[in-house]
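Student: Contents of start13.txt (compact mmCIF, C-alpha atoms and all ligand atoms) are given next:
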```
# COMPACT_ATOMS: atom_id res chain seq x y z
CA MET A 1 -9.84 -2.12 -19.22
CA ASN A 2 -9.27 -1.73 -15.53
CA ASP A 3 -8.17 1.85 -15.10
CA THR A 4 -7.14 2.46 -11.52
CA THR A 5 -7.01 6.13 -10.66
CA THR A 6 -4.15 6.41 -8.26
CA PRO A 7 -3.62 9.92 -6.92
CA LYS A 8 -0.37 11.45 -7.97
CA THR A 9 2.05 12.25 -5.23
CA ILE A 10 4.10 15.32 -5.89
CA GLU A 11 7.22 16.15 -3.95
CA ILE A 12 7.90 19.76 -3.11
CA ASP A 13 10.70 21.63 -1.45
CA ILE A 14 11.09 20.91 2.27
CA HIS A 15 11.21 24.63 3.01
CA ALA A 16 7.98 25.44 1.22
CA ASP A 17 5.23 27.02 3.28
CA GLY A 18 2.59 25.74 0.94
CA VAL A 19 1.84 24.67 -2.56
CA CYS A 20 -0.26 25.95 -5.40
CA CYS A 21 -2.27 23.54 -7.52
CA ASN A 22 -4.32 24.09 -10.63
CA GLY A 23 -4.59 20.46 -11.61
CA GLY A 24 -2.17 20.82 -14.45
CA ASP A 25 -3.13 20.93 -18.08
CA GLY A 26 -5.90 18.95 -19.66
CA ALA A 27 -8.98 17.35 -18.19
CA LEU A 28 -7.74 17.52 -14.61
CA GLY A 29 -7.39 21.29 -14.68
CA HIS A 30 -9.23 23.27 -12.01
CA PRO A 31 -9.19 26.76 -10.49
CA LYS A 32 -5.89 27.59 -8.90
CA VAL A 33 -5.89 26.95 -5.20
CA TRP A 34 -3.26 27.40 -2.52
CA TYR A 35 -2.63 24.89 0.21
CA SER A 36 -0.54 25.76 3.22
CA PHE A 37 1.15 23.33 5.54
CA ASN A 38 0.57 23.22 9.23
CA ASP A 39 3.47 23.06 11.62
CA ASN A 40 2.88 19.40 12.27
CA SER A 41 1.98 18.43 8.74
CA ASN A 42 4.26 17.83 5.81
CA SER A 43 1.68 16.87 3.27
CA ALA A 44 -1.54 18.19 1.79
CA GLN A 45 -4.09 16.76 -0.57
CA CYS A 46 -5.81 18.78 -3.25
CA SER A 47 -9.56 18.60 -2.86
CA TYR A 48 -10.03 19.12 -6.60
CA CYS A 49 -7.71 16.62 -8.22
CA ASP A 50 -6.71 14.44 -5.26
CA ARG A 51 -3.05 15.04 -5.81
CA ILE A 52 -0.97 14.66 -2.68
CA PHE A 53 1.81 17.11 -2.06
CA THR A 54 4.54 15.86 0.21
CA LYS A 55 7.59 17.68 1.42
CA LYS A 56 10.87 16.10 0.54
CA THR A 57 12.64 14.62 3.50
ZN ZN B 101 -5.28 20.08 -7.70
```
Do you think you could lay out the structure here as C-alpha cells?
Ligand SMILES: [Zn+2]

Tutor:
Amino acid sequence: MNDTTTPKTIEIDIHADGVCCNGGDGALGHPKVWYSFNDNSNSAQCSYCDRIFTKKT
C-alpha cells in the first residue's frame, strides 16, 4: 500500500482573525492551539497536524 499523507486544507471564513486547531478526533488529535493570521497572510499551517487553513476568497 502506498499511503500518501497529503495535508488537509481547510477553508475558513474570510473575516476570521485566526483559527483554532486541535487536530480533530482520533489519532491526529493534539493540544488545542490558536493560529492568527498576519495582515499579509491568508493561510496558516498547523505545526502539529500539518493542516493548512486558508481563508475563503
Ligand atoms: Zn492541528

Student: For ligand ZN 101 (chain B), return the neighbouring residues as a VMD selection string (distance at most 9 Å; all atoms listed in the file).

Tutor: chain A and resid 20 to 24 28 to 33 45 to 52

Student: For CA of Glu11 in chain A and CA of Phe37 in chain A, determine how far apart the two atoms are, in Å to one decimal place.

Tutor: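 These atoms are spaced 13.4 Å apart.
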
Student: Suppose you want the space between CA of Thr57 in chain A and CA of Ser36 in chain A; what is it in Å?

Tutor: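 Distance between the two atoms: 17.3 Å.
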
Student: Identify the residues around (6.9, 27.8, 0.5) within a radius of 12 Å, measuring from only C-alpha atoms in the coordinates stated by the file, and give them as a list in words.

Tutor: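 Protein, DNA and RNA residues close to (6.9, 27.8, 0.5): Ile12, Asp13, Ile14, His15, Ala16, Asp17, Gly18, Val19, Cys20, Trp34, Tyr35, Ser36, Phe37, Asn38, Asn42 and Lys55 of chain A.
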
Student: Just to be explicit: take each residue in the selection above, keep C-alpha atoms, and write the result as an mmCIF file, in the frame of the given file.

Tutor:
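Ended up saving to out-v4.cif:
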```
data_model
loop_
_atom_site.group_PDB
_atom_site.id
_atom_site.type_symbol
_atom_site.label_atom_id
_atom_site.label_comp_id
_atom_site.auth_asym_id
_atom_site.auth_seq_id
_atom_site.Cartn_x
_atom_site.Cartn_y
_atom_site.Cartn_z
ATOM 1 C CA ILE A 12 7.900 19.760 -3.110
ATOM 2 C CA ASP A 13 10.700 21.630 -1.450
ATOM 3 C CA ILE A 14 11.090 20.910 2.270
ATOM 4 C CA HIS A 15 11.210 24.630 3.010
ATOM 5 C CA ALA A 16 7.980 25.440 1.220
ATOM 6 C CA ASP A 17 5.230 27.020 3.280
ATOM 7 C CA GLY A 18 2.590 25.740 0.940
ATOM 8 C CA VAL A 19 1.840 24.670 -2.560
ATOM 9 C CA CYS A 20 -0.260 25.950 -5.400
ATOM 10 C CA TRP A 34 -3.260 27.400 -2.520
ATOM 11 C CA TYR A 35 -2.630 24.890 0.210
ATOM 12 C CA SER A 36 -0.540 25.760 3.220
ATOM 13 C CA PHE A 37 1.150 23.330 5.540
ATOM 14 C CA ASN A 38 0.570 23.220 9.230
ATOM 15 C CA ASN A 42 4.260 17.830 5.810
ATOM 16 C CA LYS A 55 7.590 17.680 1.420
#
```

Student: Missing atoms in range 15-26 of chain A need filling: write out all heavy atoms for it as a PDB file, keeping the file's coordinate frame.

Tutor:
```pdb
ATOM      1  N   HIS A  15      11.351  23.317   2.376  1.00  0.00           N
ATOM      2  CA  HIS A  15      11.210  24.630   3.010  1.00  0.00           C
ATOM      3  C   HIS A  15       9.950  25.365   2.568  1.00  0.00           C
ATOM      4  O   HIS A  15       9.704  26.487   3.003  1.00  0.00           O
ATOM      5  CB  HIS A  15      12.435  25.486   2.696  1.00  0.00           C
ATOM      6  CG  HIS A  15      13.716  24.889   3.199  1.00  0.00           C
ATOM      7  ND1 HIS A  15      13.948  24.666   4.536  1.00  0.00           N
ATOM      8  CD2 HIS A  15      14.807  24.441   2.540  1.00  0.00           C
ATOM      9  CE1 HIS A  15      15.149  24.123   4.668  1.00  0.00           C
ATOM     10  NE2 HIS A  15      15.689  23.966   3.477  1.00  0.00           N
ATOM     11  N   ALA A  16       9.168  24.752   1.729  1.00  0.00           N
ATOM     12  CA  ALA A  16       7.980  25.440   1.220  1.00  0.00           C
ATOM     13  C   ALA A  16       6.930  25.611   2.319  1.00  0.00           C
ATOM     14  O   ALA A  16       6.735  24.731   3.150  1.00  0.00           O
ATOM     15  CB  ALA A  16       7.389  24.648   0.065  1.00  0.00           C
ATOM     16  N   ASP A  17       6.294  26.769   2.310  1.00  0.00           N
ATOM     17  CA  ASP A  17       5.230  27.020   3.280  1.00  0.00           C
ATOM     18  C   ASP A  17       3.895  26.469   2.786  1.00  0.00           C
ATOM     19  O   ASP A  17       2.964  26.279   3.554  1.00  0.00           O
ATOM     20  CB  ASP A  17       5.070  28.518   3.514  1.00  0.00           C
ATOM     21  CG  ASP A  17       6.273  29.084   4.238  1.00  0.00           C
ATOM     22  OD1 ASP A  17       6.854  28.368   5.063  1.00  0.00           O
ATOM     23  OD2 ASP A  17       6.620  30.240   3.965  1.00  0.00           O
ATOM     24  N   GLY A  18       3.836  26.242   1.498  1.00  0.00           N
ATOM     25  CA  GLY A  18       2.590  25.740   0.940  1.00  0.00           C
ATOM     26  C   GLY A  18       2.802  25.408  -0.526  1.00  0.00           C
ATOM     27  O   GLY A  18       3.908  25.481  -1.040  1.00  0.00           O
ATOM     28  N   VAL A  19       1.734  25.054  -1.166  1.00  0.00           N
ATOM     29  CA  VAL A  19       1.840  24.670  -2.560  1.00  0.00           C
ATOM     30  C   VAL A  19       0.610  25.151  -3.309  1.00  0.00           C
ATOM     31  O   VAL A  19      -0.483  25.237  -2.755  1.00  0.00           O
ATOM     32  CB  VAL A  19       1.995  23.133  -2.686  1.00  0.00           C
ATOM     33  CG1 VAL A  19       0.750  22.423  -2.187  1.00  0.00           C
ATOM     34  CG2 VAL A  19       2.288  22.735  -4.117  1.00  0.00           C
ATOM     35  N   CYS A  20       0.841  25.494  -4.575  1.00  0.00           N
ATOM     36  CA  CYS A  20      -0.260  25.950  -5.400  1.00  0.00           C
ATOM     37  C   CYS A  20      -0.594  24.863  -6.417  1.00  0.00           C
ATOM     38  O   CYS A  20       0.296  24.266  -7.002  1.00  0.00           O
ATOM     39  CB  CYS A  20       0.157  27.239  -6.122  1.00  0.00           C
ATOM     40  SG  CYS A  20      -1.191  28.025  -6.987  1.00  0.00           S
ATOM     41  N   CYS A  21      -1.860  24.591  -6.598  1.00  0.00           N
ATOM     42  CA  CYS A  21      -2.270  23.540  -7.520  1.00  0.00           C
ATOM     43  C   CYS A  21      -3.385  24.054  -8.421  1.00  0.00           C
ATOM     44  O   CYS A  21      -4.336  24.676  -7.954  1.00  0.00           O
ATOM     45  CB  CYS A  21      -2.740  22.311  -6.755  1.00  0.00           C
ATOM     46  SG  CYS A  21      -3.231  20.946  -7.821  1.00  0.00           S
ATOM     47  N   ASN A  22      -3.227  23.790  -9.703  1.00  0.00           N
ATOM     48  CA  ASN A  22      -4.320  24.090 -10.630  1.00  0.00           C
ATOM     49  C   ASN A  22      -4.699  22.847 -11.432  1.00  0.00           C
ATOM     50  O   ASN A  22      -5.405  22.936 -12.434  1.00  0.00           O
ATOM     51  CB  ASN A  22      -3.956  25.253 -11.541  1.00  0.00           C
ATOM     52  CG  ASN A  22      -2.802  24.932 -12.464  1.00  0.00           C
ATOM     53  OD1 ASN A  22      -2.260  23.845 -12.423  1.00  0.00           O
ATOM     54  ND2 ASN A  22      -2.426  25.876 -13.295  1.00  0.00           N
ATOM     55  N   GLY A  23      -4.224  21.720 -10.961  1.00  0.00           N
ATOM     56  CA  GLY A  23      -4.590  20.460 -11.610  1.00  0.00           C
ATOM     57  C   GLY A  23      -3.792  20.142 -12.848  1.00  0.00           C
ATOM     58  O   GLY A  23      -3.957  19.073 -13.421  1.00  0.00           O
ATOM     59  N   GLY A  24      -2.941  21.060 -13.244  1.00  0.00           N
ATOM     60  CA  GLY A  24      -2.170  20.820 -14.450  1.00  0.00           C
ATOM     61  C   GLY A  24      -3.008  21.058 -15.698  1.00  0.00           C
ATOM     62  O   GLY A  24      -4.135  21.542 -15.636  1.00  0.00           O
ATOM     63  N   ASP A  25      -2.429  20.721 -16.812  1.00  0.00           N
ATOM     64  CA  ASP A  25      -3.130  20.930 -18.080  1.00  0.00           C
ATOM     65  C   ASP A  25      -4.079  19.778 -18.365  1.00  0.00           C
ATOM     66  O   ASP A  25      -3.959  18.694 -17.808  1.00  0.00           O
ATOM     67  CB  ASP A  25      -2.105  21.033 -19.211  1.00  0.00           C
ATOM     68  CG  ASP A  25      -1.223  22.256 -19.021  1.00  0.00           C
ATOM     69  OD1 ASP A  25      -1.742  23.268 -18.512  1.00  0.00           O
ATOM     70  OD2 ASP A  25      -0.034  22.181 -19.376  1.00  0.00           O
ATOM     71  N   GLY A  26      -5.028  20.030 -19.216  1.00  0.00           N
ATOM     72  CA  GLY A  26      -5.900  18.950 -19.660  1.00  0.00           C
ATOM     73  C   GLY A  26      -7.150  18.801 -18.822  1.00  0.00           C
ATOM     74  O   GLY A  26      -7.598  19.720 -18.146  1.00  0.00           O
TER      75      GLY A  26
END
```
